[in-house]
>>> print(open('input18.txt').read())   # compact mmCIF, C-alpha atoms
# COMPACT_ATOMS: atom_id res chain seq x y z
CA LEU A 1 -7.31 -15.66 -18.61
CA ASP A 2 -5.69 -12.57 -20.03
CA ALA A 3 -4.92 -14.03 -23.44
CA GLU A 4 -3.33 -10.86 -24.75
CA ASN A 5 -0.66 -10.83 -22.03
CA SER A 6 -0.61 -14.60 -21.32
CA VAL A 7 -1.69 -14.43 -17.68
CA LEU A 8 -3.86 -16.81 -15.71
CA TYR A 9 -5.27 -15.31 -12.54
CA GLN A 10 -7.71 -15.92 -9.73
CA LEU A 11 -9.09 -13.35 -7.33
CA GLY A 12 -10.80 -13.60 -3.97
CA CYS A 13 -9.20 -16.79 -2.63
CA VAL A 14 -9.98 -16.76 1.11
CA TYR A 15 -6.88 -18.22 2.71
CA CYS A 16 -8.26 -19.29 6.09
CA THR A 17 -11.39 -21.12 7.19
CA SER A 18 -12.47 -18.72 9.97
CA PRO A 19 -11.55 -15.25 8.72
CA GLU A 20 -12.41 -12.26 10.86
CA THR A 21 -12.88 -10.27 7.67
CA ALA A 22 -13.03 -12.16 4.39
CA ASP A 23 -12.87 -8.83 2.55
CA LEU A 24 -9.25 -8.52 3.65
CA GLU A 25 -8.23 -12.11 4.36
CA ASN A 26 -8.13 -13.29 0.77
CA LEU A 27 -5.54 -13.30 -1.96
CA ALA A 28 -5.17 -12.94 -5.71
CA ILE A 29 -2.68 -15.01 -7.67
CA PHE A 30 -1.23 -14.17 -11.08
CA VAL A 31 0.63 -16.82 -13.09
CA PRO A 32 2.34 -16.73 -16.50
CA ALA A 33 -0.04 -18.73 -18.68
CA GLN A 34 2.87 -20.69 -20.13
CA TYR A 35 3.20 -22.51 -16.82
CA MET A 36 -0.25 -24.11 -17.07
CA THR A 37 -2.62 -25.84 -19.47
CA ALA A 38 -6.02 -24.16 -19.31
CA THR A 39 -9.40 -25.34 -20.58
CA LEU A 40 -12.39 -23.05 -20.89
CA ASN A 41 -15.27 -24.05 -18.61
CA SER A 42 -18.89 -24.34 -19.70
CA ASP A 43 -19.68 -20.87 -18.33
CA GLY A 44 -17.54 -19.44 -21.09
CA VAL A 45 -15.67 -17.20 -18.63
CA THR A 46 -13.59 -19.24 -16.19
CA TYR A 47 -10.92 -21.86 -16.84
CA THR A 48 -9.76 -25.11 -15.32
CA ALA A 49 -5.98 -25.18 -15.30
CA SER A 50 -3.29 -27.73 -14.48
CA ILE A 51 0.46 -27.39 -14.13
CA ASP A 52 2.50 -27.89 -17.30
CA SER A 53 5.81 -29.21 -16.02
CA SER A 54 7.52 -29.13 -19.41
CA ALA A 55 11.02 -27.73 -19.03
CA ALA A 56 10.71 -26.28 -22.52
CA ARG A 57 8.17 -23.70 -21.38
CA ARG A 58 10.62 -21.25 -19.84
CA ILE A 59 10.28 -17.59 -19.02
CA GLY A 60 13.37 -15.69 -17.96
CA GLY A 61 15.13 -18.91 -17.04
CA PHE A 62 12.24 -20.18 -14.89
CA THR A 63 9.83 -23.05 -15.42
CA SER A 64 6.54 -23.94 -13.79
CA LEU A 65 8.50 -25.89 -11.17
CA THR A 66 11.24 -23.34 -10.43
CA ALA A 67 9.52 -19.95 -10.64
CA PRO A 68 9.73 -17.92 -7.42
CA ILE A 69 6.62 -16.41 -5.84
CA VAL A 70 6.64 -12.76 -4.80
CA ILE A 71 4.19 -11.36 -2.24
CA PRO A 72 4.16 -7.56 -1.88
CA VAL A 73 3.47 -6.14 1.57
CA ASN A 74 1.85 -2.83 0.69
CA THR A 75 1.06 -1.62 4.19
CA PRO A 76 2.46 1.91 4.66
CA GLY A 77 2.27 2.92 8.29
CA TYR A 78 1.02 -0.59 9.11
CA ALA A 79 -2.21 0.10 7.26
CA ALA A 80 -4.44 -2.73 6.08
CA PHE A 81 -3.88 -4.03 2.56
CA GLN A 82 -7.00 -4.49 0.46
CA PRO A 83 -6.50 -7.32 -2.04
CA PRO A 84 -7.56 -6.59 -5.62
CA THR A 85 -11.14 -7.22 -6.64
CA SER A 86 -10.51 -6.73 -10.34
CA TYR A 87 -7.72 -7.58 -12.76
CA THR A 88 -5.15 -5.07 -13.97
CA TYR A 89 -2.05 -6.07 -15.91
CA SER A 90 0.05 -2.90 -15.85
CA SER A 91 1.02 -3.04 -12.17
CA ILE A 92 2.17 -6.67 -12.29
CA SER A 93 3.57 -6.88 -15.81
CA SER A 94 7.27 -6.65 -14.89
CA TYR A 95 6.98 -9.68 -12.59
CA LEU A 96 5.02 -11.83 -15.02
CA LYS A 97 7.32 -10.97 -17.93
CA ALA A 98 10.27 -12.11 -15.79
CA GLY A 99 8.59 -15.47 -15.16
CA ILE A 100 7.72 -14.69 -11.54
CA ILE A 101 4.42 -15.71 -9.94
CA TYR A 102 2.81 -12.76 -8.18
CA VAL A 103 0.48 -13.05 -5.20
CA GLN A 104 -1.35 -10.12 -3.60
CA ALA A 105 -2.47 -11.19 -0.14
CA GLY A 106 -4.80 -8.95 1.83
CA MET A 107 -4.03 -8.39 5.49
CA ARG A 108 -5.41 -6.50 8.43
CA GLY A 109 -3.81 -3.25 9.54
CA ARG A 110 -3.16 -1.25 12.67
CA THR A 111 -6.79 -0.38 13.39
CA ASN A 112 -9.87 -2.39 14.26
CA GLY A 113 -12.80 -2.76 11.90
CA TYR A 114 -16.29 -1.62 12.89
CA ASP A 115 -19.70 -2.14 11.33
CA SER A 116 -22.29 0.55 10.59
CA ASN A 117 -23.53 0.35 14.19
CA GLY A 118 -20.08 0.98 15.59
CA ASP A 119 -19.68 -2.59 16.80
CA LEU A 120 -16.34 -4.35 16.45
CA SER A 121 -16.29 -6.50 13.30
CA TYR A 122 -12.64 -7.53 13.31
CA SER A 123 -9.48 -6.97 15.34
CA GLY A 124 -6.59 -4.94 14.00
CA GLY A 125 -3.13 -4.12 15.29
CA ALA A 126 -0.20 -6.43 15.93
CA PRO A 127 0.21 -9.29 15.38
CA TRP A 128 -2.78 -9.70 13.05
CA GLY A 129 -1.21 -8.27 9.89
CA VAL A 130 1.76 -10.62 9.98
CA ALA A 131 -0.46 -13.51 11.10
CA ASP A 132 -2.65 -12.94 8.02
CA LEU A 133 0.43 -12.89 5.80
CA LYS A 134 1.62 -16.17 7.30
CA ALA A 135 -1.82 -17.70 6.76
CA ALA A 136 -1.64 -16.74 3.08
CA VAL A 137 1.72 -18.48 2.73
CA ARG A 138 0.33 -21.61 4.38
CA TYR A 139 -2.63 -21.55 2.00
CA LEU A 140 -0.29 -21.52 -1.00
CA ARG A 141 1.69 -24.46 0.36
CA TYR A 142 -1.48 -26.37 1.22
CA ASN A 143 -2.43 -26.09 -2.45
CA ALA A 144 1.05 -26.92 -3.75
CA ALA A 145 -0.22 -29.74 -5.97
CA LEU A 146 -2.47 -27.31 -7.84
CA LEU A 147 -0.14 -24.31 -8.12
CA PRO A 148 2.93 -23.80 -10.29
CA GLY A 149 6.10 -22.33 -8.89
CA ASN A 150 8.69 -23.24 -6.30
CA LEU A 151 6.77 -23.13 -3.03
CA SER A 152 10.11 -23.12 -1.18
CA SER A 153 11.00 -19.81 -2.84
CA ILE A 154 8.36 -17.43 -1.54
CA ILE A 155 9.63 -13.86 -1.21
CA SER A 156 8.06 -10.93 0.61
CA ALA A 157 8.71 -7.32 -0.34
CA GLY A 158 7.70 -4.13 1.43
CA MET A 159 8.66 -0.55 2.21
CA SER A 160 8.29 1.52 5.37
CA GLY A 161 5.51 -0.09 7.46
CA GLY A 162 5.32 -2.80 4.81
CA GLY A 163 9.07 -3.22 5.08
CA ALA A 164 8.68 -3.75 8.81
CA GLN A 165 6.03 -6.42 8.33
CA SER A 166 8.07 -8.02 5.57
CA CYS A 167 10.98 -8.10 8.00
CA LEU A 168 8.87 -9.61 10.77
CA ALA A 169 7.43 -12.26 8.47
CA GLY A 170 10.89 -13.09 7.18
CA THR A 171 12.49 -13.45 10.60
CA THR A 172 9.70 -15.31 12.39
CA GLY A 173 9.15 -18.23 10.04
CA ASP A 174 7.30 -21.07 11.82
CA SER A 175 7.52 -19.26 15.15
CA SER A 176 5.25 -20.87 17.73
CA LEU A 177 4.40 -17.38 19.01
CA TYR A 178 2.02 -17.02 16.07
CA THR A 179 0.38 -20.43 16.44
CA PRO A 180 -2.65 -19.34 18.53
CA TYR A 181 -3.34 -16.45 16.16
CA LEU A 182 -3.10 -18.68 13.09
CA GLU A 183 -5.32 -21.30 14.66
CA SER A 184 -7.93 -18.70 15.64
CA ILE A 185 -8.53 -17.75 11.99
CA GLY A 186 -8.35 -21.32 10.70
CA ALA A 187 -5.03 -21.09 8.89
CA ALA A 188 -3.77 -24.30 7.30
CA MET A 189 -1.48 -25.87 9.89
CA GLU A 190 -1.07 -29.25 8.13
CA ASP A 191 -1.25 -30.49 4.57
CA ALA A 192 -3.75 -33.11 3.39
CA SER A 193 -1.42 -35.87 4.60
CA GLY A 194 -1.11 -34.44 8.09
CA HIS A 195 2.39 -33.01 7.69
CA SER A 196 3.10 -29.65 9.25
CA LEU A 197 3.04 -26.70 6.89
CA SER A 198 5.60 -23.91 7.00
CA ASP A 199 5.02 -20.18 6.83
CA ALA A 200 8.73 -19.41 6.42
CA PHE A 201 9.86 -17.13 3.61
CA PHE A 202 12.83 -17.92 1.40
CA ALA A 203 13.79 -14.23 1.41
CA SER A 204 12.38 -10.87 2.45
CA MET A 205 13.07 -7.54 0.81
CA CYS A 206 12.63 -4.75 3.34
CA TRP A 207 13.13 -1.15 2.26
CA CYS A 208 13.45 1.41 5.11
CA PRO A 209 11.55 -0.89 7.50
CA ILE A 210 9.99 0.84 10.49
CA THR A 211 10.96 -1.71 13.08
CA SER A 212 12.91 -0.05 15.92
CA LEU A 213 10.09 2.13 17.16
CA ASP A 214 11.54 2.23 20.68
CA THR A 215 14.68 4.00 19.45
CA ALA A 216 13.34 5.78 16.36
CA ASP A 217 13.22 9.26 17.93
CA LEU A 218 16.75 8.88 19.24
CA ALA A 219 17.95 7.71 15.82
CA TYR A 220 16.33 10.69 14.12
CA GLU A 221 18.11 13.16 16.38
CA TRP A 222 21.42 11.34 15.88
CA ASN A 223 21.02 11.36 12.11
CA MET A 224 19.52 14.80 11.58
CA GLY A 225 18.33 16.72 14.63
CA GLN A 226 21.71 17.34 16.22
CA PHE A 227 22.87 19.17 13.08
CA THR A 228 19.91 21.57 12.94
CA PHE A 229 20.07 24.88 14.84
CA SER A 230 17.00 26.72 13.60
CA GLY A 231 13.23 26.47 13.86
CA THR A 232 12.13 24.13 16.63
CA ARG A 233 15.78 23.31 17.34
CA ALA A 234 17.05 26.87 17.59
CA SER A 235 20.04 27.09 19.90
CA SER A 236 18.03 29.25 22.31
CA SER A 237 15.36 26.56 22.66
CA TYR A 238 15.36 23.72 25.16
CA ARG A 239 14.73 21.44 22.18
CA SER A 240 18.27 22.04 20.97
CA ALA A 241 19.70 20.62 24.20
CA LEU A 242 17.12 17.82 24.12
CA SER A 243 18.14 16.93 20.57
CA GLN A 244 21.80 16.75 21.59
CA ASP A 245 20.96 14.56 24.59
CA MET A 246 18.83 12.22 22.46
CA ALA A 247 21.58 11.95 19.84
CA LYS A 248 24.07 10.98 22.57
CA ALA A 249 21.58 8.44 23.94
CA PHE A 250 21.32 6.78 20.53
CA ALA A 251 25.10 6.57 20.27
CA THR A 252 25.16 4.93 23.71
CA PHE A 253 22.48 2.49 22.59
CA ILE A 254 24.40 1.54 19.43
CA ASN A 255 27.65 1.09 21.33
CA SER A 256 25.93 -1.09 23.91
CA ALA A 257 24.85 -3.47 21.15
CA ASN A 258 28.54 -4.32 20.72
CA LEU A 259 28.22 -4.73 16.95
CA LYS A 260 31.39 -5.89 15.20
CA ASP A 261 32.45 -6.36 11.60
CA ALA A 262 34.27 -9.40 10.21
CA ASP A 263 37.56 -8.07 11.58
CA GLY A 264 36.22 -7.71 15.11
>>> encode(input="input18.txt", output="structure tokens")
Amino acid sequence: LDAENSVLYQLGCVYCTSPETADLENLAIFVPAQYMTATLNSDGVTYTASIDSSAARRIGGFTSLTAPIVIPVNTPGYAAFQPPTSYTYSSISSYLKAGIIYVQAGMRGRTNGYDSNGDLSYSGGAPWGVADLKAAVRYLRYNAALLPGNLSSIISAGMSGGGAQSCLAGTTGDSSLYTPYLESIGAAMEDASGHSLSDAFFASMCWCPITSLDTADLAYEWNMGQFTFSGTRASSSYRSALSQDMAKAFATFINSANLKDADG
């Protein structure tokens, strides 16, 4: 409990039963203390908390039953995200003050993990990062009876590589393509009553997501390269002609998608 700022938090919650790397596959959850009733345990450090469903305990228009849950996807360049191992208020204060529940879920990145002997300790690369994120969401919903917040309003947010993974998580909710990966790490597939759990997000915020890697170079030349005539793209260089050709190829690609606005 952070009594000064009215925050209840728990770190190091491993969100699957067979993690490849528990150091990454765990989450931290931060809750406005007004949403729960907390009692100090006999160790004098930890607390036992239960949901306070009183509608009178509002923060920013939210209650313990309606507060959304935000999960940041801080994975620039598809890097791994290391969940926090200690508590800091400053980086999460704006969310908690707004009545939002904040969850930082660790996830694997684009590279494998190796031990001191150089032996593989865990697998990285796609689709493990998004699979870990989905497992974290399932863990939250499995524990719905213990956690405040609207478990139907889970929101991901990321930028660049994190924006791409936020986008993937947001558009592949409950996709069976991820089932074998989720099962391999022991993600919660059903609740205690045997009902299927969902890993779908209510919304995903995706700033400059790096998703279209197959056309990214073409897009760059269409946006910028074709208008540059110095340096590596000097008019006397073959790269100038290549840039023009790539820009035209991107235009052809866009036109082939046959995108239309509301007026056709």
>>> residues_around(input="input18.txt", residues="Glu183 in chain A", least_positions_apart="5", cutoff="10 Å", atoms="only C-alpha atoms", output="PyMOL selection string")
chain A and resi 16-18+131+135+178+188-189
>>> closest_residue(input="input18.txt", among="A:Trp207, A:Tyr142, A:Tyr35, A:Phe227", to="Gly194 in chain A", atoms="all atoms listed in the file")
A:Tyr142
>>> residues_near_point(input="input18.txt", point="(18.7, -11.2, 9.5)", cutoff="10 Å", atoms="all atoms listed in the file", output="PyMOL selection string")
chain A and resi 167+170-171+203-204
>>> closest_residue(input="input18.txt", among="A:Leu242, A:Pro148, A:Ala3, A:Leu259", to="Ser54 in chain A", atoms="all atoms listed in the file")
A:Pro148
>>> closest_residue(input="input18.txt", among="A:Thr211, A:Ser237, A:Ser123, A:Ser243", to="Thr111 in chain A", atoms="all atoms listed in the file")
A:Ser123
>>> atom_distance(input="input18.txt", atom1="CA of Ser235 in chain A", atom2="CA of Ser256 in chain A")
29.1 Å
>>> closest_residue(input="input18.txt", among="A:Val45, A:Leu120, A:Ala105, A:Ile51", to="Asn74 in chain A", atoms="only C-alpha atoms")
A:Ala105
>>> residues_near_point(input="input18.txt", point="(-0.3, -24.0, 4.2)", cutoff="10 Å", atoms="only C-alpha atoms", output="list of chain:residue names")
A:Tyr15, A:Cys16, A:Lys134, A:Ala135, A:Ala136, A:Val137, A:Arg138, A:Tyr139, A:Leu140, A:Arg141, A:Tyr142, A:Asn143, A:Ala144, A:Ala187, A:Ala188, A:Met189, A:Glu190, A:Asp191, A:Ala192, A:Ser196, A:Leu197, A:Ser198, A:Asp199
>>> closest_residue(input="input18.txt", among="A:Ser193, A:Gln34, A:Thr39, A:Ser93", to="Arg58 in chain A", atoms="all atoms listed in the file")
A:Gln34
>>> atom_distance(input="input18.txt", atom1="CA of Pro83 in chain A", atom2="CA of Gly129 in chain A")
13.1 Å
>>> axis_aligned_box(input="input18.txt", around="range 141-153 of chain A", padding_each_side="3 Å", output="lines of an AutoDock Vina configuration file")
center_x = 4.3
center_y = -24.8
center_z = -4.5
size_x = 19.5
size_y = 15.9
size_z = 17.5
